[in-house]
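Text of the file input05.pdb, holding PDB, C-alpha atoms:
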```pdb
MODEL        1
ATOM      1  CA  MET A   1       3.150 -22.570  19.890
ATOM      2  CA  ASN A   2       1.857 -26.084  19.885
ATOM      3  CA  GLY A   3       4.198 -27.783  17.431
ATOM      4  CA  PHE A   4       1.812 -28.105  14.488
ATOM      5  CA  ILE A   5       4.282 -26.748  11.934
ATOM      6  CA  LYS A   6       7.020 -28.985  13.343
ATOM      7  CA  TRP A   7       4.564 -31.862  12.976
ATOM      8  CA  LEU A   8       4.041 -30.984   9.306
ATOM      9  CA  GLU A   9       7.786 -30.557   8.729
ATOM     10  CA  GLY A  10       8.372 -33.994  10.224
ATOM     11  CA  LEU A  11       5.744 -35.562   7.967
ATOM     12  CA  ASN A  12       7.264 -33.753   4.994
ATOM     13  CA  GLU A  13      10.725 -35.166   5.733
ATOM     14  CA  LYS A  14       9.298 -38.685   5.571
ATOM     15  CA  ASP A  15       7.103 -38.176   2.509
ATOM     16  CA  SER A  16       7.114 -35.163   0.177
ATOM     17  CA  ARG A  17       3.599 -36.090  -1.024
ATOM     18  CA  VAL A  18       2.365 -34.447   2.166
ATOM     19  CA  ARG A  19       2.896 -31.013   0.637
ATOM     20  CA  ALA A  20       1.147 -31.940  -2.610
ATOM     21  CA  VAL A  21      -1.938 -33.205  -0.780
ATOM     22  CA  LEU A  22      -2.069 -30.198   1.536
ATOM     23  CA  ARG A  23      -1.570 -27.754  -1.365
ATOM     24  CA  ARG A  24      -4.457 -29.443  -3.174
ATOM     25  CA  SER A  25      -6.617 -29.027  -0.062
ATOM     26  CA  LEU A  26      -6.597 -25.254  -0.626
ATOM     27  CA  ALA A  27      -9.045 -25.748  -3.509
ATOM     28  CA  PHE A  28     -11.646 -26.870  -0.951
ATOM     29  CA  ASP A  29     -13.159 -25.400   2.172
ATOM     30  CA  PRO A  30     -10.753 -25.882   5.104
ATOM     31  CA  GLY A  31     -11.170 -29.442   6.343
ATOM     32  CA  GLY A  32     -13.184 -30.452   3.276
ATOM     33  CA  PHE A  33     -10.502 -32.386   1.374
ATOM     34  CA  VAL A  34     -10.549 -35.957   2.646
ATOM     35  CA  PRO A  35      -7.000 -36.926   1.500
ATOM     36  CA  ALA A  36      -5.618 -34.257   3.890
ATOM     37  CA  TYR A  37      -7.147 -35.966   6.928
ATOM     38  CA  PRO A  38      -4.213 -38.339   7.606
ATOM     39  CA  TYR A  39      -1.859 -35.373   7.873
ATOM     40  CA  VAL A  40      -3.935 -33.057  10.052
ATOM     41  CA  GLU A  41      -6.369 -35.205  12.036
ATOM     42  CA  PRO A  42      -3.771 -36.981  14.208
ATOM     43  CA  PHE A  43      -2.660 -33.556  15.427
ATOM     44  CA  VAL A  44      -6.135 -32.034  15.966
ATOM     45  CA  LYS A  45      -7.915 -35.154  17.207
ATOM     46  CA  ASP A  46      -8.727 -33.489  20.554
ATOM     47  CA  VAL A  47      -9.832 -30.136  19.109
ATOM     48  CA  ASP A  48     -13.622 -29.877  19.308
ATOM     49  CA  ASN A  49     -14.037 -26.290  18.115
ATOM     50  CA  ALA A  50     -15.030 -26.308  14.403
ATOM     51  CA  TRP A  51     -13.388 -22.929  13.691
ATOM     52  CA  GLN A  52     -10.088 -23.996  15.209
ATOM     53  CA  ARG A  53     -10.097 -27.279  13.260
ATOM     54  CA  GLU A  54     -10.694 -25.373  10.019
ATOM     55  CA  MET A  55      -7.816 -23.018  10.766
ATOM     56  CA  TYR A  56      -5.441 -25.948  11.244
ATOM     57  CA  TYR A  57      -6.422 -27.250   7.817
ATOM     58  CA  LEU A  58      -6.109 -23.798   6.260
ATOM     59  CA  VAL A  59      -2.656 -23.176   7.728
ATOM     60  CA  ALA A  60      -1.518 -26.666   6.698
ATOM     61  CA  GLY A  61      -2.499 -25.929   3.095
ATOM     62  CA  ILE A  62      -0.917 -22.489   3.081
ATOM     63  CA  TRP A  63       2.259 -23.869   4.678
ATOM     64  CA  ALA A  64       2.470 -26.496   1.923
ATOM     65  CA  ALA A  65       1.889 -23.947  -0.840
ATOM     66  CA  HIS A  66       4.440 -21.548   0.633
ATOM     67  CA  TRP A  67       7.120 -24.134   1.441
ATOM     68  CA  HIS A  68      10.429 -24.042  -0.435
ATOM     69  CA  GLU A  69      13.642 -25.982  -0.062
ATOM     70  CA  GLY A  70      16.214 -24.508   2.296
ATOM     71  CA  GLN A  71      14.062 -21.830   3.869
ATOM     72  CA  GLY A  72      16.869 -20.077   5.689
ATOM     73  CA  GLU A  73      15.347 -16.666   6.349
ATOM     74  CA  GLN A  74      13.956 -15.706   9.732
ATOM     75  CA  PRO A  75      10.160 -16.151   9.555
ATOM     76  CA  MET A  76       8.109 -12.991  10.043
ATOM     77  CA  PRO A  77       4.608 -12.400  11.372
ATOM     78  CA  LEU A  78       2.133 -11.851   8.548
ATOM     79  CA  GLY A  79       1.872  -8.067   9.007
ATOM     80  CA  LYS A  80       5.624  -7.639   8.882
ATOM     81  CA  ALA A  81       5.901  -9.949   5.843
ATOM     82  CA  CYS A  82       3.305  -7.811   4.052
ATOM     83  CA  ALA A  83       5.247  -4.643   4.875
ATOM     84  CA  ALA A  84       8.458  -6.251   3.621
ATOM     85  CA  HIS A  85       6.733  -7.215   0.377
ATOM     86  CA  GLN A  86       5.393  -3.673  -0.009
ATOM     87  CA  ALA A  87       8.895  -2.270   0.493
ATOM     88  CA  VAL A  88      10.439  -4.612  -2.073
ATOM     89  CA  SER A  89       7.687  -4.443  -4.694
ATOM     90  CA  GLY A  90       6.751  -0.794  -4.254
ATOM     91  CA  SER A  91       3.182  -1.799  -5.059
ATOM     92  CA  ALA A  92       0.419   0.076  -3.283
ATOM     93  CA  SER A  93      -1.886  -2.888  -3.923
ATOM     94  CA  THR A  94      -0.189  -4.806  -1.096
ATOM     95  CA  GLU A  95      -1.558  -2.389   1.488
ATOM     96  CA  HIS A  96      -5.021  -2.530  -0.086
ATOM     97  CA  ARG A  97      -5.018  -6.348  -0.075
ATOM     98  CA  PHE A  98      -3.758  -6.358   3.499
ATOM     99  CA  ILE A  99      -6.576  -4.071   4.656
ATOM    100  CA  THR A 100      -9.081  -6.240   2.786
ATOM    101  CA  LEU A 101      -7.683  -9.282   4.590
ATOM    102  CA  LEU A 102      -7.990  -7.593   7.980
ATOM    103  CA  ASP A 103     -11.618  -6.767   7.205
ATOM    104  CA  ALA A 104     -12.477 -10.336   6.148
ATOM    105  CA  ASP A 105     -15.273 -12.138   7.914
ATOM    106  CA  SER A 106     -15.087 -15.849   8.702
ATOM    107  CA  ASP A 107     -16.395 -16.878   5.289
ATOM    108  CA  GLN A 108     -14.063 -14.585   3.313
ATOM    109  CA  LEU A 109     -10.946 -15.229   5.375
ATOM    110  CA  PRO A 110      -9.671 -18.459   3.742
ATOM    111  CA  HIS A 111      -9.871 -16.986   0.227
ATOM    112  CA  ARG A 112      -8.297 -13.656   1.153
ATOM    113  CA  LEU A 113      -5.551 -15.284   3.186
ATOM    114  CA  ARG A 114      -4.672 -17.638   0.326
ATOM    115  CA  GLN A 115      -4.444 -14.624  -2.009
ATOM    116  CA  MET A 116      -2.248 -12.688   0.392
ATOM    117  CA  THR A 117       0.144 -15.537   1.110
ATOM    118  CA  ALA A 118       0.443 -16.281  -2.618
ATOM    119  CA  LEU A 119       1.534 -12.664  -3.050
ATOM    120  CA  LEU A 120       4.133 -13.145  -0.297
ATOM    121  CA  LYS A 121       5.858 -16.120  -1.941
ATOM    122  CA  GLU A 122       9.305 -14.562  -1.419
ATOM    123  CA  GLN A 123       8.716 -13.685   2.241
ATOM    124  CA  ALA A 124       9.375 -16.125   5.091
ATOM    125  CA  ILE A 125       6.142 -16.359   7.076
ATOM    126  CA  ASP A 126       5.941 -17.407  10.713
ATOM    127  CA  PHE A 127       3.280 -20.102  10.385
ATOM    128  CA  ASP A 128       3.102 -20.744  14.125
ATOM    129  CA  ALA A 129       2.197 -17.087  14.675
ATOM    130  CA  LEU A 130      -0.204 -17.208  11.716
ATOM    131  CA  LEU A 131      -2.050 -20.181  13.197
ATOM    132  CA  LYS A 132      -2.194 -18.584  16.632
ATOM    133  CA  GLY A 133      -3.673 -15.408  15.168
ATOM    134  CA  LEU A 134      -6.226 -17.281  13.082
ATOM    135  CA  LEU A 135      -7.418 -19.332  16.039
ATOM    136  CA  PHE A 136      -8.500 -16.043  17.642
ATOM    137  CA  TRP A 137      -9.700 -14.305  14.452
ATOM    138  CA  ASN A 138     -13.292 -14.023  15.685
ATOM    139  CA  ASP A 139     -12.358 -12.361  18.969
ATOM    140  CA  ASP A 140     -14.754  -9.463  19.670
ATOM    141  CA  ARG A 141     -11.858  -7.090  20.305
ATOM    142  CA  LYS A 142     -10.142  -8.033  16.996
ATOM    143  CA  ARG A 143      -6.812  -8.591  18.715
ATOM    144  CA  THR A 144      -5.355 -10.549  15.786
ATOM    145  CA  GLN A 145      -6.305  -7.916  13.231
ATOM    146  CA  LYS A 146      -4.919  -5.134  15.427
ATOM    147  CA  SER A 147      -1.689  -7.007  16.041
ATOM    148  CA  TRP A 148      -1.178  -7.670  12.323
ATOM    149  CA  ALA A 149      -1.970  -4.026  11.518
ATOM    150  CA  ARG A 150       0.583  -2.828  14.100
ATOM    151  CA  ASP A 151       3.213  -5.132  12.603
ATOM    152  CA  PHE A 152       2.452  -3.873   9.108
ATOM    153  CA  TYR A 153       2.378  -0.158   9.852
ATOM    154  CA  ARG A 154       5.355  -0.196  12.197
ATOM    155  CA  ASN A 155       7.437  -1.715   9.439
ATOM    156  CA  PHE A 156       5.720   0.200   6.631
ATOM    157  CA  LYS A 157       6.262   3.467   8.511
ATOM    158  CA  GLN A 158       9.895   2.564   9.094
ATOM    159  CA  GLU A 159      10.467   2.267   5.355
ATOM    160  CA  THR A 160       8.674   5.571   4.741
ATOM    161  CA  ASP A 161      10.682   7.364   7.445
ATOM    162  CA  THR A 162      13.950   5.990   6.063
ATOM    163  CA  GLU A 163      13.036   7.083   2.558
ATOM    164  CA  HIS A 164      12.023  10.555   3.809
ATOM    165  CA  LEU A 165      15.270  10.998   5.785
ATOM    166  CA  THR A 166      17.378   9.869   2.813
ATOM    167  CA  LYS A 167      15.693  12.418   0.528
ATOM    168  CA  LYS A 168      16.156  15.156   3.149
ATOM    169  CA  GLU A 169      19.854  14.316   3.638
ATOM    170  CA  ASN A 170      20.452  14.277  -0.127
ATOM    171  CA  SER A 171      18.886  17.723  -0.557
ATOM    172  CA  GLU A 172      21.124  19.308   2.094
TER     173      GLU A 172
ENDMDL
END
```
Kindly transcribe the structure held in the file into structure tokens.
Amino acid sequence: MNGFIKWLEGLNEKDSRVRAVLRRSLAFDPGGFVPAYPYVEPFVKDVDNAWQREMYYLVAGIWAAHWHEGQGEQPMPLGKACAAHQAVSGSASTEHRFITLLDADSDQLPHRLRQMTALLKEQAIDFDALLKGLLFWNDDRKRTQKSWARDFYRNFKQETDTEHLTKKENSE
């Protein structure tokens, strides 16, 4: 991607207050929390598109809220992380929330994404891929939403097929 998450990781290594400020920024509209400016603005100083700037702020806040020490797992795209959560939790509400997220308009997206990523606290999320998808959220062909849905249902289906085959094998 463009190194934004590496930028944040580097800032975090120097000063752990970075995460606290960026987590706090989630209580505001993306880009609306002035104390977050020193951590995001140097990276986005040449970005003129308002939507893209907001998505950088949103991802920075979500990254900070989701960060935990020693994140050793392989990060997953959001759709795959949702499917993994569904498989572990067994909760049908994950799929419902995921569909609601995919259907979010520009105004609803920050709130729904914060809810979804809070639900995925145990899953390693690929924040570079998340940012890339969000930058193109408003694409007329809904490429991001389709890509996330494919990731979810490919992995969701895999779990269902495995479960079905196990039941079939046990009955024979």
Non-local contacts of Thr100 (chain A) (10 Å; all atoms listed in the file; under 6 positions in same chain excluded) as a list in words: Thr94, Gln108, Leu109, Arg112, Leu113 and Met116 of chain A
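Residue nearest Leu120 (chain A) within the list A:Gln86, A:Lys142, A:Ala149, A:Glu73: A:Gln86 [criterion: smallest interatomic distance, only C-alpha atoms].
Separating CA of Asp128 (chain A) from CA of Ala36 (chain A) is a distance of 19.1 Å.
Reported to one decimal place, the separation of CA of Ala50 (chain A) from CA of Ser25 (chain A) is 17.0 Å.
The spacing separating CA of Asp140 (chain A) from CA of Asp103 (chain A) amounts to 13.1 Å.
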